[in-house]
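K.L.:
One file is attached below, my_file.tsv, containing TSV, C-alpha atoms.
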chain	number	residue	atom	x	y	z
A	1	MET	CA	56.42	-154.38	-64.51
A	2	ILE	CA	58.46	-154.52	-67.74
A	3	SER	CA	57.71	-156.90	-70.60
A	4	CYS	CA	60.77	-157.66	-72.74
A	5	CYS	CA	60.33	-158.79	-76.35
A	6	PHE	CA	62.87	-160.06	-78.87
A	7	GLU	CA	62.82	-160.64	-82.61
A	8	ASN	CA	63.06	-164.26	-83.78
A	9	GLY	CA	63.06	-164.28	-87.59
A	10	SER	CA	59.80	-162.71	-88.74
A	11	LYS	CA	57.98	-163.68	-85.59
A	12	ARG	CA	58.05	-161.36	-82.59
A	13	GLN	CA	58.15	-163.32	-79.35
A	14	LYS	CA	57.30	-162.10	-75.90
A	15	SER	CA	59.77	-163.53	-73.42
A	16	PHE	CA	59.62	-162.71	-69.72
A	17	ASP	CA	58.05	-160.18	-67.39
A	18	PHE	CA	60.35	-158.48	-64.91
A	19	PHE	CA	59.63	-156.29	-61.96
A	20	VAL	CA	61.17	-152.83	-62.06
A	21	LEU	CA	64.00	-152.73	-59.53
A	22	LYS	CA	63.94	-149.81	-57.15
A	23	ASN	CA	66.40	-148.01	-54.92
A	24	PHE	CA	65.50	-146.32	-51.66
A	25	GLU	CA	65.91	-142.62	-50.89
A	26	PHE	CA	65.15	-140.56	-47.81
A	27	GLU	CA	63.65	-137.10	-47.45
A	28	GLY	CA	64.16	-136.46	-43.75
A	29	ASP	CA	62.78	-139.58	-42.10
A	30	VAL	CA	60.43	-140.45	-44.98
A	31	MET	CA	61.46	-143.32	-47.23
A	32	THR	CA	60.62	-143.03	-50.93
A	33	THR	CA	61.47	-145.17	-53.96
A	34	ARG	CA	63.22	-144.31	-57.21
A	35	VAL	CA	63.16	-146.43	-60.36
A	36	VAL	CA	66.66	-147.40	-61.49
A	37	THR	CA	68.40	-145.27	-64.12
A	38	ASP	CA	68.10	-145.68	-67.89
A	39	LYS	CA	71.73	-146.79	-67.98
A	40	GLN	CA	71.00	-149.59	-65.53
A	41	LEU	CA	67.90	-150.66	-67.48
A	42	GLU	CA	69.90	-150.74	-70.73
A	43	LYS	CA	72.43	-153.02	-69.06
A	44	LEU	CA	69.61	-155.24	-67.78
A	45	SER	CA	68.07	-155.38	-71.26
A	46	ARG	CA	71.36	-156.57	-72.78
A	47	ARG	CA	71.69	-159.26	-70.13
A	48	ILE	CA	68.11	-160.42	-70.73
A	49	HIS	CA	68.67	-160.57	-74.49
A	50	ASP	CA	71.82	-162.63	-74.00
A	51	LEU	CA	69.98	-165.01	-71.67
A	52	PHE	CA	67.11	-165.36	-74.15
A	53	GLU	CA	69.49	-166.29	-76.97
A	54	ARG	CA	71.27	-168.87	-74.82
A	55	VAL	CA	67.94	-170.48	-73.89
A	56	ARG	CA	66.77	-170.42	-77.53
A	57	THR	CA	69.92	-172.15	-78.78
A	58	GLY	CA	69.98	-174.71	-75.97
A	59	GLY	CA	72.98	-173.27	-74.15
A	60	VAL	CA	70.97	-172.89	-70.93
A	61	ASP	CA	68.28	-175.24	-69.65
A	62	PHE	CA	64.81	-173.76	-70.19
A	63	GLN	CA	63.19	-175.01	-66.97
A	64	GLU	CA	66.12	-174.00	-64.76
A	65	THR	CA	66.03	-170.53	-66.30
A	66	LEU	CA	62.27	-170.25	-65.79
A	67	ASP	CA	62.53	-171.39	-62.17
A	68	GLY	CA	65.37	-168.96	-61.50
A	69	LEU	CA	63.46	-166.03	-62.98
A	70	GLN	CA	60.38	-166.92	-60.96
A	71	CYS	CA	62.46	-167.02	-57.79
A	72	LEU	CA	63.98	-163.63	-58.63
A	73	ALA	CA	60.60	-162.07	-59.40
A	74	GLU	CA	59.19	-163.18	-56.05
A	75	LYS	CA	61.98	-161.63	-54.01
A	76	LYS	CA	61.48	-158.22	-52.49
A	77	SER	CA	63.71	-155.43	-53.72
A	78	GLU	CA	65.60	-155.40	-50.40
A	79	THR	CA	66.73	-158.96	-51.14
A	80	ILE	CA	67.63	-158.23	-54.75
A	81	ASN	CA	69.82	-155.36	-53.64
A	82	SER	CA	70.52	-155.69	-49.93
A	83	HIS	CA	72.47	-152.42	-49.90
A	84	GLY	CA	70.03	-150.40	-52.03
A	85	LYS	CA	69.03	-148.12	-49.16
A	86	ASP	CA	72.65	-147.41	-48.23
A	87	ILE	CA	73.67	-146.71	-51.83
A	88	ALA	CA	70.71	-144.39	-52.34
A	89	MET	CA	71.65	-142.58	-49.14
A	90	CYS	CA	75.20	-142.01	-50.42
A	91	GLN	CA	73.91	-140.70	-53.74
A	92	LYS	CA	71.58	-138.34	-51.89
A	93	PHE	CA	74.47	-137.16	-49.72
A	94	TYR	CA	76.60	-136.18	-52.72
A	95	GLN	CA	73.66	-134.45	-54.34
A	96	LYS	CA	72.88	-132.37	-51.26
A	97	VAL	CA	76.39	-131.67	-49.94
A	98	PHE	CA	78.43	-131.47	-53.15
A	99	GLY	CA	75.72	-130.63	-55.68
A	100	GLU	CA	76.73	-133.66	-57.74
A	101	SER	CA	74.52	-136.36	-59.24
A	102	GLN	CA	76.38	-139.65	-58.83
A	103	ASP	CA	75.62	-143.17	-60.04
A	104	PHE	CA	77.08	-145.81	-57.72
A	105	SER	CA	75.44	-148.79	-59.44
A	106	GLU	CA	78.84	-150.07	-60.65
A	107	VAL	CA	80.68	-149.55	-57.35
A	108	ARG	CA	81.78	-152.76	-55.64
A	109	ILE	CA	80.21	-152.89	-52.19
A	110	PRO	CA	82.24	-154.94	-49.67
A	111	GLU	CA	80.49	-157.55	-47.58
A	112	LYS	CA	78.93	-155.85	-44.58
A	113	PRO	CA	80.01	-157.21	-41.17
A	114	GLU	CA	77.45	-157.91	-38.48
A	115	GLY	CA	76.29	-154.96	-36.42
A	116	ASP	CA	75.75	-151.28	-37.20
A	117	TRP	CA	77.96	-149.85	-39.95
A	118	TRP	CA	77.84	-146.81	-42.20
A	119	LEU	CA	78.44	-147.18	-45.93
A	120	ILE	CA	80.74	-144.44	-47.21
A	121	VAL	CA	81.58	-143.93	-50.89
A	122	LEU	CA	84.59	-141.94	-52.05
A	123	VAL	CA	84.00	-140.32	-55.43
A	124	LYS	CA	86.63	-140.47	-58.15
A	125	GLY	CA	89.10	-137.60	-58.00
A	126	MET	CA	88.35	-136.48	-54.44
A	127	THR	CA	91.43	-135.32	-52.55
A	128	PRO	CA	92.14	-134.55	-48.88
A	129	GLU	CA	92.51	-130.81	-49.47
A	130	GLU	CA	89.25	-130.60	-51.40
A	131	LEU	CA	87.44	-132.45	-48.63
A	132	PHE	CA	89.03	-130.33	-45.91
A	133	GLN	CA	87.91	-127.15	-47.67
A	134	ARG	CA	84.39	-128.55	-47.96
A	135	CYS	CA	84.39	-129.16	-44.20
A	136	ARG	CA	85.63	-125.63	-43.58
A	137	GLU	CA	82.83	-124.29	-45.76
A	138	LYS	CA	80.11	-126.34	-44.04
A	139	PHE	CA	80.97	-126.01	-40.37
A	140	GLY	CA	84.44	-124.61	-39.77
A	141	ALA	CA	87.74	-126.47	-39.76
A	142	TRP	CA	91.40	-125.98	-38.91
A	143	LYS	CA	94.57	-127.83	-39.93
A	144	TRP	CA	98.02	-127.67	-38.43
A	145	THR	CA	99.75	-126.73	-41.71
A	146	ASN	CA	99.39	-124.02	-44.34
A	147	LYS	CA	100.40	-126.46	-47.06
A	148	SER	CA	97.85	-128.20	-49.25
A	149	LEU	CA	97.03	-131.62	-47.80
A	150	ASP	CA	97.26	-132.98	-51.35
A	151	GLU	CA	101.01	-132.28	-51.28
A	152	ILE	CA	101.81	-134.01	-47.99
A	153	ILE	CA	99.27	-136.82	-47.44
A	154	VAL	CA	99.79	-140.38	-48.68
A	155	SER	CA	96.92	-142.82	-48.10
A	156	ASP	CA	96.48	-146.57	-48.35
A	157	ARG	CA	93.35	-146.08	-50.47
A	158	THR	CA	92.50	-143.20	-52.78
A	159	ALA	CA	89.78	-142.33	-55.28
A	160	LYS	CA	92.33	-141.30	-57.89
A	161	ASP	CA	91.23	-143.93	-60.41
A	162	GLY	CA	87.57	-144.38	-59.51
A	163	HIS	CA	84.83	-144.52	-56.89
A	164	TYR	CA	85.21	-146.97	-54.03
A	165	ALA	CA	83.14	-147.94	-51.00
A	166	ILE	CA	83.93	-148.82	-47.39
A	167	TRP	CA	82.02	-149.77	-44.27
A	168	VAL	CA	82.80	-147.88	-41.05
A	169	LYS	CA	81.43	-148.77	-37.62
A	170	ALA	CA	78.51	-146.51	-36.75
A	171	ASN	CA	80.23	-145.00	-33.72
A	172	ILE	CA	80.16	-141.32	-32.82
A	173	GLU	CA	83.48	-141.72	-31.04
A	174	ALA	CA	86.47	-143.53	-32.56
A	175	ASP	CA	86.60	-147.28	-31.87
A	176	GLU	CA	87.39	-147.85	-28.19
A	177	GLU	CA	89.01	-151.22	-28.89
A	178	PHE	CA	91.95	-149.41	-30.51
A	179	LYS	CA	92.80	-147.02	-27.69
A	180	ASN	CA	96.44	-147.12	-26.54
A	181	LEU	CA	97.50	-148.74	-29.81
A	182	PHE	CA	99.83	-146.61	-31.91
A	183	ALA	CA	99.96	-146.53	-35.69
A	184	ASN	CA	102.99	-148.79	-36.15
A	185	GLN	CA	101.46	-151.43	-33.86
A	186	LEU	CA	98.25	-151.39	-35.86
A	187	LYS	CA	100.17	-151.68	-39.12
A	188	ALA	CA	102.04	-154.72	-37.80
A	189	GLN	CA	98.66	-156.30	-36.98
A	190	ASN	CA	97.45	-155.71	-40.57
A	191	HIS	CA	94.80	-153.37	-39.20
A	192	LYS	CA	92.86	-151.60	-41.95
A	193	GLY	CA	92.41	-148.12	-40.53
A	194	ILE	CA	90.45	-145.17	-41.85
A	195	THR	CA	92.29	-142.72	-44.12
A	196	LEU	CA	92.17	-138.95	-43.72
A	197	GLU	CA	90.02	-138.63	-46.84
A	198	GLU	CA	87.55	-141.23	-45.55
A	199	ARG	CA	87.39	-139.55	-42.14
A	200	LEU	CA	86.60	-136.17	-43.72
A	201	VAL	CA	83.83	-137.66	-45.86
A	202	LEU	CA	82.50	-139.41	-42.75
A	203	GLU	CA	82.35	-136.08	-40.89
A	204	LEU	CA	80.47	-134.45	-43.76
A	205	PHE	CA	78.11	-137.42	-44.02
A	206	TYR	CA	77.35	-137.50	-40.29
A	207	PHE	CA	76.80	-133.74	-40.15
A	208	TRP	CA	74.45	-133.90	-43.15
A	209	ARG	CA	72.41	-136.63	-41.47
A	210	THR	CA	72.33	-135.27	-37.90
A	211	LYS	CA	73.66	-131.69	-37.82
A	212	LYS	CA	76.04	-133.00	-35.15
A	213	HIS	CA	79.72	-133.98	-35.14
A	214	LEU	CA	81.94	-136.97	-34.47
A	215	ASP	CA	84.72	-137.37	-31.90
A	216	ASN	CA	83.58	-134.82	-29.35
A	217	GLN	CA	85.57	-136.59	-26.62
A	218	ASN	CA	88.20	-138.57	-28.53
A	219	TRP	CA	90.38	-138.29	-31.62
A	220	THR	CA	90.27	-140.46	-34.72
A	221	LEU	CA	93.74	-141.69	-35.62
A	222	CYS	CA	93.74	-141.85	-39.42
A	223	ALA	CA	95.95	-144.93	-39.46
A	224	GLY	CA	95.40	-145.44	-43.19
A	225	SER	CA	97.24	-142.20	-44.02
A	226	ARG	CA	100.68	-140.69	-43.44
A	227	TYR	CA	102.21	-137.29	-43.81
A	228	SER	CA	105.24	-137.16	-46.08
A	229	ASP	CA	107.52	-137.15	-43.01
A	230	GLY	CA	105.92	-140.31	-41.60
A	231	ASP	CA	103.66	-138.68	-39.01
A	232	ILE	CA	99.99	-139.70	-38.76
A	233	PRO	CA	97.00	-137.35	-39.14
A	234	TYR	CA	94.22	-137.39	-36.59
A	235	VAL	CA	90.86	-135.61	-36.49
A	236	SER	CA	88.59	-134.38	-33.70
A	237	TRP	CA	85.84	-131.87	-32.95
A	238	ASN	CA	87.10	-129.17	-30.63
A	239	ASP	CA	85.78	-125.78	-29.54
A	240	GLY	CA	83.20	-125.49	-32.32
A	241	ARG	CA	85.35	-126.65	-35.23
A	242	MET	CA	86.89	-129.76	-36.79
A	243	ASP	CA	90.64	-129.99	-36.26
A	244	VAL	CA	93.21	-131.93	-38.30
A	245	TYR	CA	96.38	-132.54	-36.30
A	246	ARG	CA	99.43	-134.79	-36.56
A	247	CYS	CA	101.17	-137.22	-34.21
A	248	TYR	CA	104.19	-139.50	-34.22
A	249	PRO	CA	103.73	-143.09	-35.47
A	250	ASP	CA	104.40	-144.35	-31.93
A	251	SER	CA	102.15	-141.84	-30.13
A	252	VAL	CA	99.83	-143.44	-27.55
A	253	HIS	CA	96.88	-141.91	-25.70
A	254	ASP	CA	93.57	-143.13	-24.28
A	255	HIS	CA	91.72	-140.70	-26.53
A	256	LEU	CA	93.71	-141.41	-29.70
A	257	ARG	CA	91.96	-144.29	-31.50
A	258	SER	CA	91.74	-145.66	-35.00
A	259	ARG	CA	88.52	-146.53	-36.80
A	260	ARG	CA	88.42	-149.90	-38.53
A	261	VAL	CA	87.14	-149.96	-42.11
A	262	VAL	CA	86.04	-152.81	-44.35
A	263	SER	CA	86.89	-152.33	-48.01
Do you think you could lay out the structure here as structure tokens?

P.N.:
Amino acid sequence: MISCCFENGSKRQKSFDFFVLKNFEFEGDVMTTRVVTDKQLEKLSRRIHDLFERVRTGGVDFQETLDGLQCLAEKKSETINSHGKDIAMCQKFYQKVFGESQDFSEVRIPEKPEGDWWLIVLVKGMTPEELFQRCREKFGAWKWTNKSLDEIIVSDRTAKDGHYAIWVKANIEADEEFKNLFANQLKAQNHKGITLEERLVLELFYFWRTKKHLDNQNWTLCAGSRYSDGDIPYVSWNDGRMDVYRCYPDSVHDHLRSRRVVS
């Protein structure tokens, strides 16, 4: 528990007690807790100081503030941060797979739909070629072109300017509801499909968690991306490696299916 104090003239006043917020991490199947970062606590301290001053000067009702703080203190950490476990999992993933320590506390997390979904975070600056090479390094991968994917892929969403998060249905195989729907049809329906970059991160994430692979029987149509000539990338696991292919925007097949994302 943290006690926060503020100066008021020559008299030092003790204000409120706050529970330390915690995130969840996993080591194998064991759940542990981690106290939030110093940066997050500094931000919290500034907010508390601002609230204290507003109460002191009458800008905020004292009793309403007290009741609100009591309600907050009584909530469990899962309620305070309903996605804490998922965020901690993503941070752990980048630490283990990329050797990078990431702080996703400022990333906007979209509202999670009902059902089972995976939270995937794309880190600022990540590109399709970089992610493809990481896949090749981890478990073997092939692509149809010798060109850098960075030169020929255009995606609806990118991490060029900062981290961003998406939810993807927790399906091993691409979403069955989108079979026999080609890319241009999906676009006309305002379908938000997975990009190539997101699909590659998803493969790395799933392999890190399970040591298994996605799309063993079907192919993920990366409807959120296009090659420079208008063709659509798709990804599958085939003969012991991950393959990145291309298809026409009007290609249709039972096994060619998009994955819906929520961003």

K.L.:
A:Lys147, A:Arg157, A:Arg257, A:Arg134: which is nearest Val121 in chain A, counting all atoms listed in the file?

P.N.:
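Of A:Lys147, A:Arg157, A:Arg257, A:Arg134, the one nearest Val121 in chain A, counting all atoms listed in the file, is A:Arg157.
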
K.L.:
Closest to Leu202 in chain A among A:Asn146, A:Thr220, A:Thr57, A:Gln102, using only C-alpha atoms?

P.N.:
A:Thr220

K.L.:
In Å, rounded to a single decimal, give me how far CA of Gln40 in chain A is from CA of Val55 in chain A.

P.N.:
22.7 Å

K.L.:
Using only C-alpha atoms, find each residue in range 91-131 of chain A having at least one atom no more than 8 Å away from range 164-175 of chain A; report its shortest atom-to-atom pair and that distance in Å (one decimal), rows by chain then rising number, as a Markdown table.

P.N.:
| residue | atom | partner | partner_atom | distance |
| --- | --- | --- | --- | --- |
| A:Val107 | CA | A:Tyr164 | CA | 6.2 |
| A:Arg108 | CA | A:Ala165 | CA | 6.8 |
| A:Ile109 | CA | A:Ala165 | CA | 5.9 |
| A:Pro110 | CA | A:Ile166 | CA | 6.7 |
| A:Lys112 | CA | A:Trp167 | CA | 6.8 |
| A:Asp116 | CA | A:Ala170 | CA | 5.5 |
| A:Trp117 | CA | A:Lys169 | CA | 4.3 |
| A:Trp118 | CA | A:Val168 | CA | 5.2 |
| A:Leu119 | CA | A:Trp167 | CA | 4.7 |
| A:Ile120 | CA | A:Ile166 | CA | 5.4 |
| A:Val121 | CA | A:Ala165 | CA | 4.3 |
| A:Leu122 | CA | A:Tyr164 | CA | 5.4 |
| A:Val123 | CA | A:Tyr164 | CA | 6.9 |
| A:Lys124 | CA | A:Tyr164 | CA | 7.8 |

K.L.:
Nearest to His253 in chain A among A:Lys212, A:Lys192, A:Lys187, A:Lys179, with distances taken over all atoms listed in the file: which residue is it?

P.N.:
A:Lys179

K.L.:
Tell me which protein, DNA and RNA residues are within 6 Å of Pro233 in chain A, counting all atoms listed in the file, leaving out same-chain ones fewer than 5 positions away, and put them as an MDAnalysis selection string.

P.N.:
chainID A and resid 222 245:246

K.L.:
Between CA of Glu198 in chain A and CA of Asp150 in chain A, what is the distance, to one decimal in Å?

P.N.:
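Here the two named atoms are 14.0 Å from each other.
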
K.L.:
Suppose you want the space between CA of Ser82 in chain A and CA of Phe104 in chain A; what is it in Å?

P.N.:
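Spanning CA of Ser82 in chain A to CA of Phe104 in chain A is a straight-line distance of 14.2 Å.
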
K.L.:
Could you pull the residues within 9 Å of Tyr248 in chain A, counting only C-alpha atoms, minus those fewer than 6 positions along the same chain, as a PyMOL selection string?

P.N.:
chain A and resi 182-183+230-233

K.L.:
Measuring atom to atom with all atoms listed in the file, identify which of A:Pro249, A:Gly162, A:Val261, A:Phe139 is nearest to Gly193 in chain A.

P.N.:
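Closest residue, counting all atoms listed in the file: A:Val261.
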